[in-house]
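As stored in model24.tsv (TSV, C-alpha atoms):
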```
chain	number	residue	atom	x	y	z
A	105	MET	CA	0.00	0.00	0.00
A	106	ASN	CA	1.17	3.53	-0.73
A	107	SER	CA	1.38	6.13	1.99
A	108	ILE	CA	-1.89	7.66	3.08
A	109	ILE	CA	-1.94	11.45	2.79
A	110	GLY	CA	-4.01	14.11	4.53
A	111	THR	CA	-5.80	15.32	7.61
A	112	TYR	CA	-9.59	15.37	7.54
A	113	GLU	CA	-12.14	16.81	9.93
A	114	CYS	CA	-15.44	15.01	10.21
A	115	LYS	CA	-18.31	14.31	12.58
A	116	LEU	CA	-19.12	11.33	14.73
A	117	ASP	CA	-22.87	10.77	14.98
A	118	ALA	CA	-24.76	9.70	18.12
A	119	LYS	CA	-24.42	6.02	17.14
A	120	GLY	CA	-20.63	6.27	16.78
A	121	ARG	CA	-20.54	6.36	12.99
A	122	LEU	CA	-18.26	8.58	10.98
A	123	MET	CA	-18.46	9.36	7.29
A	124	ILE	CA	-15.12	8.66	5.60
A	125	PRO	CA	-14.23	11.79	3.57
A	126	VAL	CA	-14.22	11.18	-0.19
A	127	ALA	CA	-10.53	12.03	-0.65
A	128	LEU	CA	-9.54	9.55	2.06
A	129	LYS	CA	-11.96	6.91	0.81
A	130	LYS	CA	-10.32	7.09	-2.63
A	131	GLN	CA	-6.91	6.43	-1.07
A	132	LEU	CA	-8.33	3.48	0.87
A	133	SER	CA	-10.35	2.11	-2.04
A	134	ALA	CA	-8.12	-0.95	-2.48
A	135	SER	CA	-8.73	-1.83	1.18
A	136	LEU	CA	-12.50	-1.30	1.32
A	137	GLN	CA	-13.26	-4.89	0.31
A	138	ASP	CA	-10.88	-6.44	2.87
A	139	GLY	CA	-11.94	-4.27	5.79
A	140	PHE	CA	-9.95	-2.63	8.55
A	141	VAL	CA	-8.74	-3.13	12.08
A	142	LEU	CA	-9.41	-0.38	14.61
A	143	LYS	CA	-7.36	-0.33	17.81
A	144	ARG	CA	-6.17	1.79	20.69
A	145	SER	CA	-2.99	3.73	20.06
A	146	VAL	CA	0.02	2.71	22.12
A	147	PHE	CA	1.37	6.23	22.67
A	148	GLN	CA	-1.52	8.66	22.20
A	149	PRO	CA	-5.16	9.06	23.30
A	150	CYS	CA	-6.41	8.20	19.82
A	151	LEU	CA	-7.36	5.20	17.70
A	152	GLU	CA	-5.47	3.63	14.82
A	153	LEU	CA	-7.23	2.42	11.69
A	154	TYR	CA	-5.23	-0.25	9.87
A	155	PRO	CA	-6.15	-1.44	6.39
A	156	MET	CA	-6.31	-5.24	6.75
A	157	SER	CA	-3.18	-5.68	4.60
A	158	GLU	CA	-1.20	-3.40	6.94
A	159	TRP	CA	-2.60	-5.17	10.00
A	160	ASN	CA	-1.49	-8.52	8.58
A	161	LEU	CA	2.04	-7.16	8.06
A	162	MET	CA	2.09	-5.97	11.68
A	163	MET	CA	0.81	-9.33	12.92
A	164	ASN	CA	3.54	-11.10	10.95
A	165	LYS	CA	6.11	-9.08	12.91
A	166	ILE	CA	4.38	-9.67	16.23
A	167	ASN	CA	4.01	-13.39	15.57
A	168	LYS	CA	7.81	-13.64	15.48
A	169	LEU	CA	7.97	-12.74	19.18
A	170	ASN	CA	8.63	-15.58	21.57
A	171	ARG	CA	5.45	-15.87	23.67
A	172	PHE	CA	7.39	-17.70	26.39
A	173	VAL	CA	9.11	-14.41	27.21
A	174	LYS	CA	6.78	-12.66	29.66
A	175	LYS	CA	7.56	-9.17	28.35
A	176	ASN	CA	6.63	-10.25	24.82
A	177	ASN	CA	3.40	-11.85	26.00
A	178	ASP	CA	2.47	-8.73	28.00
A	179	PHE	CA	3.18	-6.55	24.97
A	180	ILE	CA	1.03	-8.69	22.67
A	181	ARG	CA	-1.87	-8.59	25.14
A	182	ARG	CA	-1.71	-4.82	25.51
A	183	PHE	CA	-1.11	-4.15	21.81
A	184	THR	CA	-4.16	-6.17	20.79
A	185	ALA	CA	-6.43	-4.98	23.64
A	186	GLY	CA	-9.69	-3.66	22.27
A	187	VAL	CA	-8.90	-4.57	18.66
A	188	LYS	CA	-11.96	-4.64	16.42
A	189	ILE	CA	-12.51	-5.57	12.78
A	190	VAL	CA	-14.54	-2.80	11.13
A	191	GLU	CA	-15.92	-2.20	7.67
A	192	VAL	CA	-17.03	0.82	5.71
A	193	ASP	CA	-20.74	0.43	4.90
A	194	ASP	CA	-22.39	1.15	1.54
A	195	LEU	CA	-22.94	4.78	2.57
A	196	GLY	CA	-19.23	5.28	3.32
A	197	ARG	CA	-19.62	5.19	7.11
A	198	LEU	CA	-17.43	3.47	9.66
A	199	LEU	CA	-18.87	2.40	13.02
A	200	VAL	CA	-16.53	3.10	15.94
A	201	PRO	CA	-17.35	0.69	18.81
A	202	LYS	CA	-18.40	2.36	22.08
A	203	ASP	CA	-15.40	1.11	24.07
A	204	LEU	CA	-13.03	2.67	21.55
A	205	VAL	CA	-15.02	5.92	21.48
A	206	SER	CA	-14.60	6.00	25.24
A	207	PHE	CA	-10.87	5.16	25.16
A	208	ALA	CA	-10.10	8.04	22.75
A	209	ASN	CA	-12.61	10.42	24.38
A	210	LEU	CA	-14.15	11.03	20.98
A	211	SER	CA	-16.76	13.76	20.83
A	212	LYS	CA	-18.80	14.90	17.85
A	213	ASP	CA	-15.87	16.65	16.14
A	214	ILE	CA	-13.07	14.32	15.13
A	215	VAL	CA	-9.95	14.34	12.98
A	216	LEU	CA	-8.72	11.56	10.72
A	217	SER	CA	-4.98	12.02	10.31
A	218	SER	CA	-2.71	10.03	8.04
A	219	ALA	CA	0.22	8.34	9.76
A	220	VAL	CA	2.14	6.87	6.81
A	221	ASN	CA	0.28	3.57	6.28
A	222	ILE	CA	-2.52	3.88	8.85
A	223	VAL	CA	-5.05	6.53	9.85
A	224	GLU	CA	-5.25	7.97	13.36
A	225	VAL	CA	-8.72	8.81	14.68
A	226	TRP	CA	-8.63	11.73	17.15
A	227	ASP	CA	-11.01	13.89	19.09
A	228	LYS	CA	-10.49	17.27	17.41
A	229	ASP	CA	-9.46	19.11	20.60
A	230	ALA	CA	-6.99	16.37	21.58
A	231	TYR	CA	-5.52	16.39	18.06
A	232	GLU	CA	-5.04	20.15	18.07
A	233	LYS	CA	-3.33	19.92	21.45
A	234	SER	CA	-1.05	17.08	20.26
A	235	ILE	CA	0.24	19.07	17.28
A	236	SER	CA	0.42	22.45	19.01
A	237	GLY	CA	4.04	21.88	19.95
A	238	GLU	CA	3.63	23.05	23.51
A	239	ASP	CA	5.23	19.92	24.96
A	240	VAL	CA	7.70	19.09	22.15
A	241	ASP	CA	10.27	21.14	20.28
A	242	PHE	CA	9.60	19.84	16.78
A	243	ALA	CA	12.93	21.04	15.39
A	244	ASP	CA	14.80	19.03	18.04
A	245	LEU	CA	12.53	16.03	17.49
A	246	ALA	CA	13.08	16.16	13.71
A	247	GLU	CA	16.83	16.31	14.19
A	248	ASP	CA	16.82	13.42	16.68
A	249	VAL	CA	14.62	11.20	14.51
A	250	MET	CA	15.74	12.11	10.99
A	251	GLY	CA	19.13	13.79	11.47
A	252	ASN	CA	21.25	10.67	11.08
A	253	ILE	CA	19.50	9.37	7.97
A	254	ASN	CA	21.76	9.85	4.97
A	255	ASP	CA	20.30	10.82	1.62
A	256	ASP	CA	20.82	7.81	-0.62
A	257	GLY	CA	19.73	9.58	-3.76
A	258	ASP	CA	15.99	9.43	-3.17
A	259	GLY	CA	15.71	13.19	-2.90
A	260	VAL	CA	14.94	13.37	0.82
A	261	SER	CA	16.57	16.45	2.33
```
Could you write out this file's structure as structure tokens?
Amino acid sequence: MNSIIGTYECKLDAKGRLMIPVALKKQLSASLQDGFVLKRSVFQPCLELYPMSEWNLMMNKINKLNRFVKKNNDFIRRFTAGVKIVEVDDLGRLLVPKDLVSFANLSKDIVLSSAVNIVEVWDKDAYEKSISGEDVDFADLAEDVMGNINDDGDGVS
């Protein structure tokens, strides 16, 4: 799958359904038939929407962990806690289960944000706070994360 691009604001209705924006739906079109996995984020108060193909790649990595190592077993349990298989209905809506709505404190206004090969589902206020930069110096973070990657001719600065 190619990288997913964009940040989209949308509404969550009283039943926990959200309408997938057309531009995002087009990017996910190859995955609509296979469905998605929706889970709690490990690091943030949001949800992660995995196209099934991406979920399967992640599970292939996780399945290589030795389950007789307690730390690995604990990680697997926590990583997969609350995981749900979800589908986009004929009207282009995705139902977010109540327990996941509660985990991410989703209100009516939400943000769908691309995160390379998955989509993060955020409460709009929480998303705005997370990108505001108040708790992280983004320049320092960028240097720490990307500063030692050498350009191998792919045009990345």
Could you pull the residues within 8 Å of Ile109 of chain A, counting only C-alpha atoms, minus those fewer than 2 positions along the same chain, as a PyMOL selection string? chain A and resi 107+111+128+218-220
Do you have the atom CA of Val205 of chain A-atom CA of Arg181 of chain A distance handy?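 Separation between atom CA of Val205 of chain A and atom CA of Arg181 of chain A: 19.9 Å.
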Could you list, as a ChimeraX atom specification, every residue within 7 Å of Val141 of chain A, counting all atoms listed in the file and ignoring same-chain residues fewer than 6 positions away? /A:153-156,159,187-190
When you look at Glu191 of chain A with a cut-off of 8 Å (counting all atoms listed in the file), what residues show up, excluding the ones that are within fewer than 2 positions of it in the same chain? I need them as an MDAnalysis selection string. chainID A and resid 136 139:140 189 193 198:199
My list of candidates is A:Ile124, A:Gln148, A:Asn167, A:Leu142. Which is closest to Tyr231 of chain A when distances are computed with all atoms listed in the file?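 Answer, going by the shortest atom-to-atom distance: A:Gln148.
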I need the residue nearest Val146 of chain A from this list: A:Asp194, A:Asp117, A:Glu224, A:Glu158. Use all atoms listed in the file for the distance.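 Of A:Asp194, A:Asp117, A:Glu224, A:Glu158, the one nearest Val146 of chain A, counting all atoms listed in the file, is A:Glu224.
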Distance of atom CA of Asn209 of chain A from atom CA of Phe183 of chain A, expressed in Å to one decimal place: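 Atom CA of Asn209 of chain A lies 18.7 Å from atom CA of Phe183 of chain A.
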